[in-house]
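Working notes, beginning with the structure itself.
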Amino acid sequence: MPTTQPIGIFDSGYGGLTVMKEILRKLPQYDYVYLGDNARAPYGNRSFETVYRYTLQCVEWFFEQGCPLVILACNTASAKALRTIQQNDLQRLNPDNRVLGVIRPTSEIIGKISTNKKIGILATKGTVNSASYSIEIEKFSPEVEVFQEACPIWVPLIENNEHNGPGADFFVQKHLHNILAKEPAIDVLLLACTHYPLLLDKIKTFLPDGIQVVAQGGIVAESLVDYLQRHPEIEQRCSQHGTRTFYTTDDVKDFDNQANIFFGEPLESKHLDIR
Ligand code: DGL
């Protein structure tokens, strides 16, 4: 039997906890290590080189912990770092390990949900500028038209716990207005940033009827179930004791206080010094 180790889940900060929550619903039996690079977040407005360098450093750390599989539960890292890590670094680091992202599994199914074949992507500036969703959705649903809107203020609103307050209304309405001005017939809006599910209720109140708002946590979790079934060589290396360990590159007290909002239950993190 091969040695078994936890599955790694990575995010620039807290947002990946919304994805992890859904993964735990579907696959509670595995062990997980979560790392939030809060000290260097947000990644959303950073350059390709910076996001790639930070993400690679964190993937290397997961591999040092023995994780056979790392999920980049961050759209910005998936958009800007995943492909380069898979193509250039994995062979050197550990060719038997795997790094997966959130954009491909989401793109595989999002086109099928739209009746009008017009989809809106709400994301960080980095994800929008990478055009990753347009490129990936085209592969699976070439008949679908993709419209994008960067919402750079949404992450700070959520991280400062202002997302439920009236101050958030203006910026939520502004970006919804902008994307629907690009194409009024959009019938599916994808929350393509791991923070945005926290704005889901508010977003729905400002949208006309008939537009479906999709958060990606459930989609990513379902895709992981499928991946592990199709890849027994990886699945057999994932340990199953139901443990969860959380690391942050910033202050643990801040992380534990804030993480609750994203994870829906209290947790205790450990500090990782990475720079
Ligand atoms: N987690 C990031 C994403 O899904 C958003 C937060 C950030 O900008 O770092 O794109």
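Identifiers in the structure tokens: chain A, B, ... in order shown; residue index from 1 per chain; ligand index from 1 in order shown.
Taking only C-alpha atoms and all ligand atoms into account, every polymer residue with at least one atom at most 8 Å away from ligand 1 is listed here: Asp11, Ser12, Gly13, Tyr14, Gly15, Gly16, Ala41, Pro42, Tyr43, Gly44, Asn45, Ala73, Cys74, Asn75, Thr76, Ala77, Ala123, Thr124, Gly126, Thr127, Pro152, Val155, Ala192, Cys193, Thr194 and His195 of chain A.
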Please return as number ranges by chain: the residues of region 65-190 of chain A that backbone DSSP assigns to strand (DSSP E). A: 69-72, 98-100, 118-123, 145-150, 188-190
Applying 12 Å and only C-alpha atoms, which residues near Glu222 (chain A) remain after dropping the ones on its own chain fewer than 3 positions away? List them as a PyMOL selection string. chain A and resi 19-20+22-27+102+105-106+108-109+216-219+225-229
Tell me, which residues of region 22-257 of chain A carry DSSP helix (DSSP H, G or I), written as number ranges by chain? A: 22-26, 38-40, 48-64, 75-80, 82-93, 103-113, 125-130, 132-140, 154-159, 167-182, 196-205, 217-230, 232-235, 252-257
In terms of the shortest atom-to-atom distance over only C-alpha atoms, which of A:Leu100, A:Ala215, A:Val70, A:Leu90 is closest to Leu122 (chain A)?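 Of A:Leu100, A:Ala215, A:Val70, A:Leu90, the one nearest Leu122 (chain A), counting only C-alpha atoms, is A:Ala215.
Residue neighbourhood of Asn164 (chain A), excluding near-sequence residues (fewer than 6 positions): Trp154, Leu157, Ile158, Phe170, Phe171, Val172, Tyr196, Pro197, Leu198, Leu199, Leu200, Asp201, Lys202, Ile203 and Ile261 of chain A, at 12 Å, using only C-alpha atoms.
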Resulting file, chosen residues, N, CA and C atoms, as a compact mmCIF listing (two decimals), in the first residue's frame:
# COMPACT_ATOMS: atom_id res chain seq x y z
N TRP A 154 -15.55 43.90 -4.60
CA TRP A 154 -16.35 42.91 -3.85
C TRP A 154 -15.53 42.15 -2.80
N LEU A 157 -14.94 44.29 0.28
CA LEU A 157 -16.21 44.45 1.02
C LEU A 157 -16.46 43.22 1.90
N ILE A 158 -16.22 42.04 1.33
CA ILE A 158 -16.48 40.79 2.05
C ILE A 158 -15.45 40.62 3.17
N PHE A 170 -24.49 49.50 -3.41
CA PHE A 170 -24.09 50.31 -4.57
C PHE A 170 -23.17 49.52 -5.50
N PHE A 171 -22.15 48.88 -4.92
CA PHE A 171 -21.15 48.20 -5.75
C PHE A 171 -21.69 46.89 -6.34
N VAL A 172 -22.59 46.27 -5.64
CA VAL A 172 -23.21 45.06 -6.20
C VAL A 172 -24.08 45.45 -7.39
N TYR A 196 -17.31 35.36 -3.67
CA TYR A 196 -18.61 35.92 -4.04
C TYR A 196 -19.84 35.16 -3.53
N PRO A 197 -19.76 33.85 -3.22
CA PRO A 197 -20.96 33.20 -2.66
C PRO A 197 -21.52 33.93 -1.44
N LEU A 198 -20.66 34.68 -0.74
CA LEU A 198 -21.17 35.42 0.42
C LEU A 198 -22.08 36.57 0.01
N LEU A 199 -22.02 36.95 -1.26
CA LEU A 199 -22.90 38.02 -1.76
C LEU A 199 -24.13 37.47 -2.48
N LEU A 200 -24.24 36.15 -2.49
CA LEU A 200 -25.28 35.50 -3.30
C LEU A 200 -26.68 36.07 -3.04
N ASP A 201 -27.07 36.17 -1.77
CA ASP A 201 -28.43 36.63 -1.46
C ASP A 201 -28.65 38.06 -1.94
N LYS A 202 -27.64 38.90 -1.71
CA LYS A 202 -27.78 40.31 -2.13
C LYS A 202 -27.86 40.40 -3.66
N ILE A 203 -27.01 39.64 -4.34
CA ILE A 203 -27.01 39.66 -5.81
C ILE A 203 -28.40 39.29 -6.32
N ILE A 261 -16.99 33.16 8.78
CA ILE A 261 -17.95 33.72 7.81
C ILE A 261 -17.97 32.87 6.54
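Closest approach to Thr115 (chain A) from the set A:Asn260, A:Gln236, A:Thr4, A:Gln212 is made by A:Gln212, with distances taken over only C-alpha atoms.
CA of His271 (chain A) to CA of Arg46 (chain A) spans 23.2 Å [interatomic distance, one decimal].
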Between CA of Gly210 (chain A) and CA of Ile179 (chain A), distance in Å (one decimal):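 Rounded to one decimal, the two atoms are 15.2 Å apart.
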CA of Trp61 (chain A) to CA of Asn257 (chain A), distance in Å rounded to a single decimal: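 A separation of 24.4 Å between them.
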Using only C-alpha atoms, which residues sit within 9 Å of region 50-59 of chain A once same-chain residues fewer than 3 positions away are excluded, as a PDB file with all heavy atoms, in the first residue's frame?
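What landed in result_2.pdb:
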ATOM      1  N   GLY A   8      -4.490  18.692  -0.350  1.00  0.00           N
ATOM      2  CA  GLY A   8      -4.231  20.113  -0.077  1.00  0.00           C
ATOM      3  C   GLY A   8      -5.268  20.989  -0.760  1.00  0.00           C
ATOM      4  O   GLY A   8      -5.665  20.719  -1.901  1.00  0.00           O
ATOM      5  N   PHE A  10      -5.843  25.082  -1.550  1.00  0.00           N
ATOM      6  CA  PHE A  10      -5.141  26.370  -1.498  1.00  0.00           C
ATOM      7  C   PHE A  10      -6.037  27.521  -1.942  1.00  0.00           C
ATOM      8  O   PHE A  10      -6.816  27.399  -2.884  1.00  0.00           O
ATOM      9  CB  PHE A  10      -3.912  26.324  -2.420  1.00  0.00           C
ATOM     10  CG  PHE A  10      -3.263  27.676  -2.573  1.00  0.00           C
ATOM     11  CD1 PHE A  10      -2.587  28.249  -1.507  1.00  0.00           C
ATOM     12  CD2 PHE A  10      -3.367  28.379  -3.762  1.00  0.00           C
ATOM     13  CE1 PHE A  10      -2.013  29.516  -1.631  1.00  0.00           C
ATOM     14  CE2 PHE A  10      -2.795  29.637  -3.889  1.00  0.00           C
ATOM     15  CZ  PHE A  10      -2.114  30.207  -2.823  1.00  0.00           C
ATOM     16  N   ASP A  11      -5.887  28.631  -1.241  1.00  0.00           N
ATOM     17  CA  ASP A  11      -6.508  29.876  -1.702  1.00  0.00           C
ATOM     18  C   ASP A  11      -5.609  31.047  -1.301  1.00  0.00           C
ATOM     19  O   ASP A  11      -4.775  30.924  -0.406  1.00  0.00           O
ATOM     20  CB  ASP A  11      -7.902  30.064  -1.083  1.00  0.00           C
ATOM     21  CG  ASP A  11      -8.601  31.310  -1.640  1.00  0.00           C
ATOM     22  OD1 ASP A  11      -8.741  31.401  -2.867  1.00  0.00           O
ATOM     23  OD2 ASP A  11      -8.951  32.203  -0.862  1.00  0.00           O
ATOM     24  N   SER A  12      -5.810  32.175  -1.969  1.00  0.00           N
ATOM     25  CA  SER A  12      -5.068  33.379  -1.598  1.00  0.00           C
ATOM     26  C   SER A  12      -5.412  33.798  -0.164  1.00  0.00           C
ATOM     27  O   SER A  12      -4.632  34.490   0.477  1.00  0.00           O
ATOM     28  CB  SER A  12      -5.407  34.506  -2.568  1.00  0.00           C
ATOM     29  OG  SER A  12      -6.812  34.708  -2.587  1.00  0.00           O
ATOM     30  N   LEU A  35      -4.527  25.868   3.084  1.00  0.00           N
ATOM     31  CA  LEU A  35      -3.585  26.981   3.262  1.00  0.00           C
ATOM     32  C   LEU A  35      -4.155  28.244   2.634  1.00  0.00           C
ATOM     33  O   LEU A  35      -4.477  28.271   1.438  1.00  0.00           O
ATOM     34  CB  LEU A  35      -2.231  26.647   2.611  1.00  0.00           C
ATOM     35  CG  LEU A  35      -1.221  27.801   2.550  1.00  0.00           C
ATOM     36  CD1 LEU A  35      -0.859  28.330   3.941  1.00  0.00           C
ATOM     37  CD2 LEU A  35       0.054  27.363   1.819  1.00  0.00           C
ATOM     38  N   ASP A  37      -3.130  32.090   1.858  1.00  0.00           N
ATOM     39  CA  ASP A  37      -1.953  32.977   1.806  1.00  0.00           C
ATOM     40  C   ASP A  37      -2.387  34.410   2.143  1.00  0.00           C
ATOM     41  O   ASP A  37      -2.136  35.348   1.379  1.00  0.00           O
ATOM     42  CB  ASP A  37      -1.312  32.893   0.406  1.00  0.00           C
ATOM     43  CG  ASP A  37       0.047  33.576   0.365  1.00  0.00           C
ATOM     44  OD1 ASP A  37       0.566  33.963   1.431  1.00  0.00           O
ATOM     45  OD2 ASP A  37       0.588  33.717  -0.753  1.00  0.00           O
ATOM     46  N   ARG A  40      -0.365  37.725   1.782  1.00  0.00           N
ATOM     47  CA  ARG A  40      -0.085  38.313   0.464  1.00  0.00           C
ATOM     48  C   ARG A  40      -1.354  38.516  -0.356  1.00  0.00           C
ATOM     49  O   ARG A  40      -1.292  38.878  -1.536  1.00  0.00           O
ATOM     50  CB  ARG A  40       0.932  37.444  -0.286  1.00  0.00           C
ATOM     51  CG  ARG A  40       2.207  37.261   0.538  1.00  0.00           C
ATOM     52  CD  ARG A  40       3.275  36.525  -0.196  1.00  0.00           C
ATOM     53  NE  ARG A  40       2.962  35.125  -0.465  1.00  0.00           N
ATOM     54  CZ  ARG A  40       3.853  34.228  -0.847  1.00  0.00           C
ATOM     55  NH1 ARG A  40       5.117  34.588  -0.991  1.00  0.00           N
ATOM     56  NH2 ARG A  40       3.513  32.986  -1.085  1.00  0.00           N
ATOM     57  N   TYR A  43      -4.956  38.380  -4.266  1.00  0.00           N
ATOM     58  CA  TYR A  43      -4.213  38.099  -5.494  1.00  0.00           C
ATOM     59  C   TYR A  43      -4.866  38.780  -6.703  1.00  0.00           C
ATOM     60  O   TYR A  43      -4.249  38.909  -7.752  1.00  0.00           O
ATOM     61  CB  TYR A  43      -4.217  36.594  -5.777  1.00  0.00           C
ATOM     62  CG  TYR A  43      -3.235  35.735  -4.993  1.00  0.00           C
ATOM     63  CD1 TYR A  43      -2.568  36.216  -3.866  1.00  0.00           C
ATOM     64  CD2 TYR A  43      -2.980  34.426  -5.390  1.00  0.00           C
ATOM     65  CE1 TYR A  43      -1.692  35.404  -3.158  1.00  0.00           C
ATOM     66  CE2 TYR A  43      -2.100  33.614  -4.706  1.00  0.00           C
ATOM     67  CZ  TYR A  43      -1.462  34.099  -3.584  1.00  0.00           C
ATOM     68  OH  TYR A  43      -0.582  33.288  -2.902  1.00  0.00           O
ATOM     69  N   GLY A  44      -6.152  39.142  -6.552  1.00  0.00           N
ATOM     70  CA  GLY A  44      -6.997  39.529  -7.686  1.00  0.00           C
ATOM     71  C   GLY A  44      -6.441  40.589  -8.619  1.00  0.00           C
ATOM     72  O   GLY A  44      -6.689  40.552  -9.819  1.00  0.00           O
ATOM     73  N   ARG A  46      -3.110  41.348  -8.802  1.00  0.00           N
ATOM     74  CA  ARG A  46      -1.665  41.182  -8.978  1.00  0.00           C
ATOM     75  C   ARG A  46      -1.312  40.649 -10.377  1.00  0.00           C
ATOM     76  O   ARG A  46      -2.150  40.072 -11.057  1.00  0.00           O
ATOM     77  CB  ARG A  46      -1.114  40.218  -7.925  1.00  0.00           C
ATOM     78  CG  ARG A  46      -1.162  40.766  -6.515  1.00  0.00           C
ATOM     79  CD  ARG A  46      -0.294  39.929  -5.603  1.00  0.00           C
ATOM     80  NE  ARG A  46      -0.453  40.285  -4.206  1.00  0.00           N
ATOM     81  CZ  ARG A  46       0.180  41.306  -3.618  1.00  0.00           C
ATOM     82  NH1 ARG A  46       1.001  42.066  -4.307  1.00  0.00           N
ATOM     83  NH2 ARG A  46       0.000  41.539  -2.332  1.00  0.00           N
ATOM     84  N   SER A  47      -0.031  40.843 -10.725  1.00  0.00           N
ATOM     85  CA  SER A  47       0.427  40.435 -12.067  1.00  0.00           C
ATOM     86  C   SER A  47       0.503  38.913 -12.176  1.00  0.00           C
ATOM     87  O   SER A  47       0.542  38.200 -11.174  1.00  0.00           O
ATOM     88  CB  SER A  47       1.827  41.005 -12.325  1.00  0.00           C
ATOM     89  OG  SER A  47       2.744  40.359 -11.460  1.00  0.00           O
ATOM     90  N   PHE A  62       2.852  22.371   0.010  1.00  0.00           N
ATOM     91  CA  PHE A  62       1.919  21.230   0.104  1.00  0.00           C
ATOM     92  C   PHE A  62       2.642  19.920  -0.214  1.00  0.00           C
ATOM     93  O   PHE A  62       2.442  18.908   0.454  1.00  0.00           O
ATOM     94  CB  PHE A  62       0.747  21.395  -0.870  1.00  0.00           C
ATOM     95  CG  PHE A  62      -0.355  22.301  -0.380  1.00  0.00           C
ATOM     96  CD1 PHE A  62      -0.617  23.505  -1.012  1.00  0.00           C
ATOM     97  CD2 PHE A  62      -1.159  21.936   0.693  1.00  0.00           C
ATOM     98  CE1 PHE A  62      -1.655  24.336  -0.584  1.00  0.00           C
ATOM     99  CE2 PHE A  62      -2.201  22.750   1.124  1.00  0.00           C
ATOM    100  CZ  PHE A  62      -2.446  23.953   0.487  1.00  0.00           C
ATOM    101  N   PHE A  63       3.461  19.949  -1.255  1.00  0.00           N
ATOM    102  CA  PHE A  63       4.179  18.733  -1.641  1.00  0.00           C
ATOM    103  C   PHE A  63       5.159  18.319  -0.539  1.00  0.00           C
ATOM    104  O   PHE A  63       5.341  17.135  -0.268  1.00  0.00           O
ATOM    105  CB  PHE A  63       4.923  18.934  -2.971  1.00  0.00           C
ATOM    106  CG  PHE A  63       4.013  18.929  -4.196  1.00  0.00           C
ATOM    107  CD1 PHE A  63       4.548  19.122  -5.469  1.00  0.00           C
ATOM    108  CD2 PHE A  63       2.648  18.725  -4.091  1.00  0.00           C
ATOM    109  CE1 PHE A  63       3.732  19.109  -6.605  1.00  0.00           C
ATOM    110  CE2 PHE A  63       1.813  18.719  -5.213  1.00  0.00           C
ATOM    111  CZ  PHE A  63       2.364  18.915  -6.474  1.00  0.00           C
ATOM    112  N   GLU A  64       5.777  19.313   0.112  1.00  0.00           N
ATOM    113  CA  GLU A  64       6.692  18.991   1.228  1.00  0.00           C
ATOM    114  C   GLU A  64       5.925  18.320   2.372  1.00  0.00           C
ATOM    115  O   GLU A  64       6.474  17.516   3.115  1.00  0.00           O
ATOM    116  CB  GLU A  64       7.363  20.269   1.753  1.00  0.00           C
ATOM    117  CG  GLU A  64       8.523  20.740   0.886  1.00  0.00           C
ATOM    118  CD  GLU A  64       8.834  22.229   1.102  1.00  0.00           C
ATOM    119  OE1 GLU A  64       8.452  22.773   2.163  1.00  0.00           O
ATOM    120  OE2 GLU A  64       9.418  22.830   0.199  1.00  0.00           O
ATOM    121  N   VAL A  70      -3.298  18.617  -4.903  1.00  0.00           N
ATOM    122  CA  VAL A  70      -3.552  19.979  -4.407  1.00  0.00           C
ATOM    123  C   VAL A  70      -4.618  20.616  -5.286  1.00  0.00           C
ATOM    124  O   VAL A  70      -4.511  20.593  -6.517  1.00  0.00           O
ATOM    125  CB  VAL A  70      -2.265  20.845  -4.442  1.00  0.00           C
ATOM    126  CG1 VAL A  70      -2.564  22.270  -3.980  1.00  0.00           C
ATOM    127  CG2 VAL A  70      -1.174  20.227  -3.582  1.00  0.00           C
ATOM    128  N   LEU A  72      -6.271  24.072  -6.325  1.00  0.00           N
ATOM    129  CA  LEU A  72      -6.185  25.531  -6.258  1.00  0.00           C
ATOM    130  C   LEU A  72      -7.617  26.055  -6.208  1.00  0.00           C
ATOM    131  O   LEU A  72      -8.265  26.222  -7.244  1.00  0.00           O
ATOM    132  CB  LEU A  72      -5.454  26.112  -7.473  1.00  0.00           C
ATOM    133  CG  LEU A  72      -4.027  25.613  -7.745  1.00  0.00           C
ATOM    134  CD1 LEU A  72      -3.410  26.388  -8.908  1.00  0.00           C
ATOM    135  CD2 LEU A  72      -3.152  25.717  -6.499  1.00  0.00           C
ATOM    136  N   THR A  76      -8.240  33.133  -9.313  1.00  0.00           N
ATOM    137  CA  THR A  76      -7.118  33.931  -9.807  1.00  0.00           C
ATOM    138  C   THR A  76      -5.871  33.058  -9.948  1.00  0.00           C
ATOM    139  O   THR A  76      -5.179  33.110 -10.971  1.00  0.00           O
ATOM    140  CB  THR A  76      -6.862  35.118  -8.852  1.00  0.00           C
ATOM    141  OG1 THR A  76      -8.105  35.784  -8.606  1.00  0.00           O
ATOM    142  CG2 THR A  76      -5.882  36.099  -9.447  1.00  0.00           C
ATOM    143  N   ALA A  77      -5.608  32.221  -8.952  1.00  0.00           N
ATOM    144  CA  ALA A  77      -4.448  31.306  -9.027  1.00  0.00           C
ATOM    145  C   ALA A  77      -4.660  30.260 -10.121  1.00  0.00           C
ATOM    146  O   ALA A  77      -3.726  29.914 -10.843  1.00  0.00           O
ATOM    147  CB  ALA A  77      -4.230  30.626  -7.678  1.00  0.00           C
ATOM    148  N   LYS A  80      -4.024  32.113 -13.439  1.00  0.00           N
ATOM    149  CA  LYS A  80      -2.708  32.672 -13.745  1.00  0.00           C
ATOM    150  C   LYS A  80      -1.545  31.740 -13.476  1.00  0.00           C
ATOM    151  O   LYS A  80      -0.435  31.989 -13.947  1.00  0.00           O
ATOM    152  CB  LYS A  80      -2.508  33.951 -12.926  1.00  0.00           C
ATOM    153  CG  LYS A  80      -3.460  35.057 -13.340  1.00  0.00           C
ATOM    154  CD  LYS A  80      -3.010  36.373 -12.795  1.00  0.00           C
ATOM    155  CE  LYS A  80      -3.661  37.508 -13.542  1.00  0.00           C
ATOM    156  NZ  LYS A  80      -3.035  38.783 -13.294  1.00  0.00           N
ATOM    157  N   ALA A  81      -1.751  30.698 -12.673  1.00  0.00           N
ATOM    158  CA  ALA A  81      -0.598  29.880 -12.285  1.00  0.00           C
ATOM    159  C   ALA A  81      -0.736  28.401 -12.626  1.00  0.00           C
ATOM    160  O   ALA A  81       0.271  27.718 -12.822  1.00  0.00           O
ATOM    161  CB  ALA A  81      -0.361  30.028 -10.780  1.00  0.00           C
ATOM    162  N   LEU A  82      -1.956  27.900 -12.699  1.00  0.00           N
ATOM    163  CA  LEU A  82      -2.148  26.446 -12.793  1.00  0.00           C
ATOM    164  C   LEU A  82      -1.462  25.819 -14.003  1.00  0.00           C
ATOM    165  O   LEU A  82      -0.704  24.863 -13.880  1.00  0.00           O
ATOM    166  CB  LEU A  82      -3.652  26.114 -12.797  1.00  0.00           C
ATOM    167  CG  LEU A  82      -3.983  24.635 -12.934  1.00  0.00           C
ATOM    168  CD1 LEU A  82      -3.437  23.843 -11.754  1.00  0.00           C
ATOM    169  CD2 LEU A  82      -5.487  24.417 -13.043  1.00  0.00           C
ATOM    170  N   THR A  84       0.956  26.828 -15.949  1.00  0.00           N
ATOM    171  CA  THR A  84       2.418  26.876 -15.925  1.00  0.00           C
ATOM    172  C   THR A  84       2.964  25.869 -14.916  1.00  0.00           C
ATOM    173  O   THR A  84       3.952  25.176 -15.181  1.00  0.00           O
ATOM    174  CB  THR A  84       2.909  28.308 -15.579  1.00  0.00           C
ATOM    175  OG1 THR A  84       2.144  29.225 -16.341  1.00  0.00           O
ATOM    176  CG2 THR A  84       4.374  28.491 -15.886  1.00  0.00           C
ATOM    177  N   ILE A  85       2.303  25.759 -13.780  1.00  0.00           N
ATOM    178  CA  ILE A  85       2.765  24.783 -12.778  1.00  0.00           C
ATOM    179  C   ILE A  85       2.635  23.369 -13.343  1.00  0.00           C
ATOM    180  O   ILE A  85       3.565  22.560 -13.240  1.00  0.00           O
ATOM    181  CB  ILE A  85       1.969  24.942 -11.459  1.00  0.00           C
ATOM    182  CG1 ILE A  85       2.354  26.258 -10.770  1.00  0.00           C
ATOM    183  CG2 ILE A  85       2.209  23.751 -10.526  1.00  0.00           C
ATOM    184  CD1 ILE A  85       1.552  26.607  -9.537  1.00  0.00           C
ATOM    185  N   ASP A  89       6.476  22.908 -13.912  1.00  0.00           N
ATOM    186  CA  ASP A  89       7.045  22.662 -12.585  1.00  0.00           C
ATOM    187  C   ASP A  89       6.771  21.273 -12.029  1.00  0.00           C
ATOM    188  O   ASP A  89       7.557  20.760 -11.246  1.00  0.00           O
ATOM    189  CB  ASP A  89       6.515  23.710 -11.588  1.00  0.00           C
ATOM    190  CG  ASP A  89       6.865  25.116 -12.031  1.00  0.00           C
ATOM    191  OD1 ASP A  89       8.070  25.428 -12.078  1.00  0.00           O
ATOM    192  OD2 ASP A  89       5.952  25.885 -12.379  1.00  0.00           O
ATOM    193  N   VAL A  99      -1.987  18.769  -9.470  1.00  0.00           N
ATOM    194  CA  VAL A  99      -2.528  20.068  -9.052  1.00  0.00           C
ATOM    195  C   VAL A  99      -3.722  20.349  -9.949  1.00  0.00           C
ATOM    196  O   VAL A  99      -3.597  20.311 -11.178  1.00  0.00           O
ATOM    197  CB  VAL A  99      -1.480  21.198  -9.200  1.00  0.00           C
ATOM    198  CG1 VAL A  99      -2.034  22.520  -8.668  1.00  0.00           C
ATOM    199  CG2 VAL A  99      -0.185  20.851  -8.477  1.00  0.00           C
ATOM    200  N   ILE A 274       5.839  32.156   5.304  1.00  0.00           N
ATOM    201  CA  ILE A 274       6.242  32.005   3.898  1.00  0.00           C
ATOM    202  C   ILE A 274       6.422  33.415   3.348  1.00  0.00           C
ATOM    203  O   ILE A 274       5.657  34.305   3.703  1.00  0.00           O
ATOM    204  CB  ILE A 274       5.157  31.212   3.127  1.00  0.00           C
ATOM    205  CG1 ILE A 274       5.720  30.525   1.890  1.00  0.00           C
ATOM    206  CG2 ILE A 274       3.972  32.050   2.749  1.00  0.00           C
ATOM    207  CD1 ILE A 274       4.778  29.477   1.305  1.00  0.00           C
ATOM    208  N   ARG A 275       7.459  33.641   2.590  1.00  0.00           N
ATOM    209  CA  ARG A 275       7.647  35.001   2.051  1.00  0.00           C
ATOM    210  C   ARG A 275       8.346  34.946   0.709  1.00  0.00           C
ATOM    211  O   ARG A 275       8.855  33.924   0.322  1.00  0.00           O
ATOM    212  CB  ARG A 275       8.389  35.901   3.023  1.00  0.00           C
ATOM    213  CG  ARG A 275       9.683  35.304   3.543  1.00  0.00           C
ATOM    214  CD  ARG A 275      10.298  36.063   4.684  1.00  0.00           C
ATOM    215  NE  ARG A 275       9.849  35.564   5.981  1.00  0.00           N
ATOM    216  CZ  ARG A 275       9.617  36.357   7.036  1.00  0.00           C
ATOM    217  NH1 ARG A 275       9.748  37.631   6.922  1.00  0.00           N
ATOM    218  NH2 ARG A 275       9.268  35.840   8.194  1.00  0.00           N
TER     219      ARG A 275
END
Residue contacts of Asp31 (chain A) (7 Å, only C-alpha atoms) excluding same-chain residues fewer than 5 positions away, as a PyMOL selection string: chain A and resi 6-7+239-244
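Minimum atom-to-atom distance to Arg104 (chain A), evaluated using only C-alpha atoms, belongs to A:Leu224 out of A:Asp254, A:Leu224, A:Glu162, A:Gly36.
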